[in-house]
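This report concerns only the one structure given below.
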Amino acid sequence: MDPEVPADSFGFEFQAMSSACEIRLEGDSGSVLADAARLAIDEVLRIERKYSRYRDDSVVAAINAAAGSAREVEVDAETKSLLDFAAELHDMSDGVFDITSGVLRRAWDFRAARLPEPEAVAKLMPLIGWPKVSWRGDRIRLPHAGMEVDFGGFGKEYAADRAMTALAAAGHRHGYVNLGGDIRVLGPRADGRPWRFGIQHPRADSRTIASIELADGALATSGDYERHFVVGGRRYCHLLDPRTGWPVDAWASISVVAPACVAAGALSTIAMLSADRALDFLKSQRAGYLAIDAALQPHRHAVGDAPRFIVEATR
């Protein structure tokens, strides 16, 4: 055990949403914390089942299966709030955050590590565009066959927030939820100290490039290192611009702190997709951030007395 971790600190690891996940809690007995962690994990798994594009019985699958037909799909209140959020993100990002752009994965195979034919990308572009979606009240319709919606742009972050809510409702005040690097903090450590989180170095798997201490709020990072390949000396990452169908390349990673994980994740993703407008966008949202550019130079910004990123050696 790490000597800095007290005896009443318990970590619960699990797999969800194609990611290694962890819940760490302090301040109570192991059995009590294990019961609380199970409630939070169950909530994460519920959201994964409900919105996974890989499950035939998910809400997303039902919406996508009706694409191209005249049928509107009625959704529940939770799904409505997420679709409203997606519409808001599309507007505030000038269209770069678009939950219909997931169809581009039909052309981009990052496991095969090869470039798609430009014609294959171009063929998918008419299927992309949130403004094409009929969304009113609690009913949604995708007008063209082959269109899809995909909640991957904020699903993990939403699940992290919901897991934290489950823990808080059970009376816990010291811990955090980490879903594949999307983090929501429940409160400080039992002794009052903040939690310290490292920021992945975008060019070295075993190193961090910075750290930050948080006693509440959330942290999310988007980067060009998560899924990528290199061809001809150029890096192609999984963050695809819905306006062109091709990867963005202005930033190596952008980390954002915000009150909620779903906000931190959306802002970091929008910033990655915004190229040279990224930092102005984040400042307009009053978000604290650490942005690492393509030359591995750090750009930091903190809001008021909010926690600040501590940058380590970038090389």
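Starting from 1 in every chain, residues are counted up; chains themselves are A, B, ... following the order of the structure tokens, and ligands are numbered from 1 as listed.
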In segment 46-278 of chain A, DSSP alpha helix (DSSP H) residues written as a ChimeraX atom specification: /A:46-51,59-65,77-92,118-124,155-169,261-273,278
DSSP strand (DSSP E or B) selection over segment 39-265 of chain A, as a ChimeraX atom specification: /A:73-74,109,114,134-136,139-141,175-179,182-187,195-200,208-214,217-223,228-231,234-237,240,247,251-258
Spatial neighbours of Met164 of chain A, 9 Å, only C-alpha atoms, chain gap at least 2 places, as a PyMOL selection string: chain A and resi 40+159-162+166-169+175-177+184-186
Pick from A:Gly181, A:Pro131, A:Pro247, A:Gly192, whichever lies nearest to Ala20 of chain A using only C-alpha atoms: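 Under the stated criterion, the closest residue is A:Gly181.
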Nearest to Phe14 of chain A by atom-to-atom distance, counting only C-alpha atoms, from A:Val32, A:Ala260, A:Ala220, A:Val44: A:Val44
Residues near Val121 of chain A, cut-off 7 Å, only C-alpha atoms, skip fewer than 3 positions along chain, as a list of chain:residue names: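 What passes the distance filter is A:Leu104, A:Ala107, A:Glu117, A:Pro118, A:Leu124, A:Met125, A:Gly245.
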Long-range neighbours of segment 292-296 of chain A as a PyMOL selection string, 12 Å cut-off, only C-alpha atoms, 5 positions minimum in chain: chain A and resi 199-204+209-210+221-225+234-235+248-256+268+271-272+275-276+278-279+301+309+311-315
Neighbour list for Glu88 of chain A as a list of chain:residue names, cut-off 12 Å, only C-alpha atoms, skip fewer than 5 positions in-chain: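 These residues fall inside the cut-off: A:Ser81, A:Leu82, A:Leu83, A:Ser93, A:Asp94, A:Gly95, A:Val96, A:Phe97, A:Asp98, A:Ile99, A:Trp130, A:Pro131, A:Ala263, A:Ala266.
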With N, CA and C atoms retained, write the just-selected residues as a PDB file, in the first residue's frame.
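After the write, part-v6.pdb holds the following:
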ATOM      1  N   SER A  81     -33.149  15.230 -21.697  1.00  0.00           N
ATOM      2  CA  SER A  81     -32.202  16.209 -21.148  1.00  0.00           C
ATOM      3  C   SER A  81     -30.841  16.080 -21.815  1.00  0.00           C
ATOM      4  N   LEU A  82     -30.431  14.860 -22.150  1.00  0.00           N
ATOM      5  CA  LEU A  82     -29.147  14.662 -22.821  1.00  0.00           C
ATOM      6  C   LEU A  82     -29.192  15.156 -24.254  1.00  0.00           C
ATOM      7  N   LEU A  83     -30.300  14.957 -24.944  1.00  0.00           N
ATOM      8  CA  LEU A  83     -30.424  15.465 -26.307  1.00  0.00           C
ATOM      9  C   LEU A  83     -30.495  16.992 -26.316  1.00  0.00           C
ATOM     10  N   SER A  93     -20.680  25.575 -29.807  1.00  0.00           N
ATOM     11  CA  SER A  93     -19.400  25.209 -30.423  1.00  0.00           C
ATOM     12  C   SER A  93     -19.327  25.576 -31.901  1.00  0.00           C
ATOM     13  N   ASP A  94     -20.334  26.285 -32.399  1.00  0.00           N
ATOM     14  CA  ASP A  94     -20.405  26.594 -33.835  1.00  0.00           C
ATOM     15  C   ASP A  94     -20.391  25.322 -34.682  1.00  0.00           C
ATOM     16  N   GLY A  95     -20.983  24.271 -34.147  1.00  0.00           N
ATOM     17  CA  GLY A  95     -21.170  23.051 -34.913  1.00  0.00           C
ATOM     18  C   GLY A  95     -20.082  22.017 -34.824  1.00  0.00           C
ATOM     19  N   VAL A  96     -18.982  22.272 -34.096  1.00  0.00           N
ATOM     20  CA  VAL A  96     -17.912  21.265 -34.064  1.00  0.00           C
ATOM     21  C   VAL A  96     -18.235  20.108 -33.119  1.00  0.00           C
ATOM     22  N   PHE A  97     -19.123  20.330 -32.150  1.00  0.00           N
ATOM     23  CA  PHE A  97     -19.595  19.235 -31.298  1.00  0.00           C
ATOM     24  C   PHE A  97     -20.917  18.765 -31.883  1.00  0.00           C
ATOM     25  N   ASP A  98     -20.907  17.600 -32.502  1.00  0.00           N
ATOM     26  CA  ASP A  98     -22.073  17.134 -33.241  1.00  0.00           C
ATOM     27  C   ASP A  98     -22.246  15.640 -33.011  1.00  0.00           C
ATOM     28  N   ILE A  99     -23.330  15.254 -32.340  1.00  0.00           N
ATOM     29  CA  ILE A  99     -23.499  13.848 -31.978  1.00  0.00           C
ATOM     30  C   ILE A  99     -23.920  12.982 -33.155  1.00  0.00           C
ATOM     31  N   TRP A 130     -26.339  18.007 -36.948  1.00  0.00           N
ATOM     32  CA  TRP A 130     -27.423  18.063 -35.965  1.00  0.00           C
ATOM     33  C   TRP A 130     -28.612  18.882 -36.465  1.00  0.00           C
ATOM     34  N   PRO A 131     -28.418  19.974 -37.206  1.00  0.00           N
ATOM     35  CA  PRO A 131     -29.577  20.724 -37.695  1.00  0.00           C
ATOM     36  C   PRO A 131     -30.504  19.911 -38.597  1.00  0.00           C
ATOM     37  N   ALA A 263     -19.602  18.935 -18.008  1.00  0.00           N
ATOM     38  CA  ALA A 263     -19.174  20.239 -18.523  1.00  0.00           C
ATOM     39  C   ALA A 263     -17.691  20.220 -18.858  1.00  0.00           C
ATOM     40  N   ALA A 266     -17.163  18.140 -22.094  1.00  0.00           N
ATOM     41  CA  ALA A 266     -17.647  18.813 -23.297  1.00  0.00           C
ATOM     42  C   ALA A 266     -16.734  19.962 -23.679  1.00  0.00           C
TER      43      ALA A 266
END
From A:Arg111, A:Arg189, A:His90, A:Arg300, residue lying nearest Phe10 of chain A [only C-alpha atoms]: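 Closest candidate: A:Arg189.
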Selected residue, from A:Thr244, A:Thr165, A:Thr100, A:Ser274, that lies nearest to Val133 of chain A when counting only C-alpha atoms: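 The shortest atom-to-atom distance to Val133 of chain A comes from A:Thr100.
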Near-Lys132 of chain A list (12 Å; only C-alpha atoms; drop same-chain fewer than 5 positions) as an MDAnalysis selection string: chainID A and resid 67:68 87 98:100 126:127 140:144 147:149
Could you turn the residues from that selection into a file that holds C-alpha atoms, as a compact mmCIF listing (two decimals), in the first residue's frame?
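Result file out24.txt:
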# COMPACT_ATOMS: atom_id res chain seq x y z
CA ALA A 67 -33.25 6.54 -39.33
CA GLY A 68 -34.66 7.26 -42.77
CA ALA A 87 -28.22 20.62 -29.04
CA ASP A 98 -22.07 17.13 -33.24
CA ILE A 99 -23.50 13.85 -31.98
CA THR A 100 -24.35 12.76 -35.54
CA PRO A 126 -24.29 14.13 -46.00
CA LEU A 127 -25.26 12.00 -42.97
CA ILE A 140 -36.60 12.58 -32.35
CA ARG A 141 -36.32 11.53 -35.98
CA LEU A 142 -33.23 11.05 -38.13
CA PRO A 143 -34.43 11.91 -41.65
CA HIS A 144 -31.83 10.05 -43.71
CA MET A 147 -27.75 8.64 -39.89
CA GLU A 148 -26.85 7.99 -36.26
CA VAL A 149 -26.64 9.71 -32.92
Between atom CA of Arg24 of chain A and atom CA of Ala258 of chain A - distance in Å to one decimal: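 The value is 19.8 Å.
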Closest of A:Ile128, A:Val257, A:His172, A:Ile270 to Arg243 of chain A - atom-to-atom distances counting only C-alpha atoms: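 Once distances to Arg243 of chain A are computed over only C-alpha atoms, the minimum belongs to A:Ile128.
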Which of A:Thr208, A:Tyr158, A:Ala122, A:Asp305 sits closest to Glu43 of chain A [using only C-alpha atoms]: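 With only C-alpha atoms as the atom set, the closest residue is A:Tyr158.
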Computed interatomic separation between atom CA of Ala77 of chain A and atom CA of Arg53 of chain A (Å): 19.2 Å
Computed interatomic separation between atom CA of Ala190 of chain A and atom CA of Gly27 of chain A (Å):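 Spanning atom CA of Ala190 of chain A to atom CA of Gly27 of chain A is a straight-line distance of 5.3 Å.
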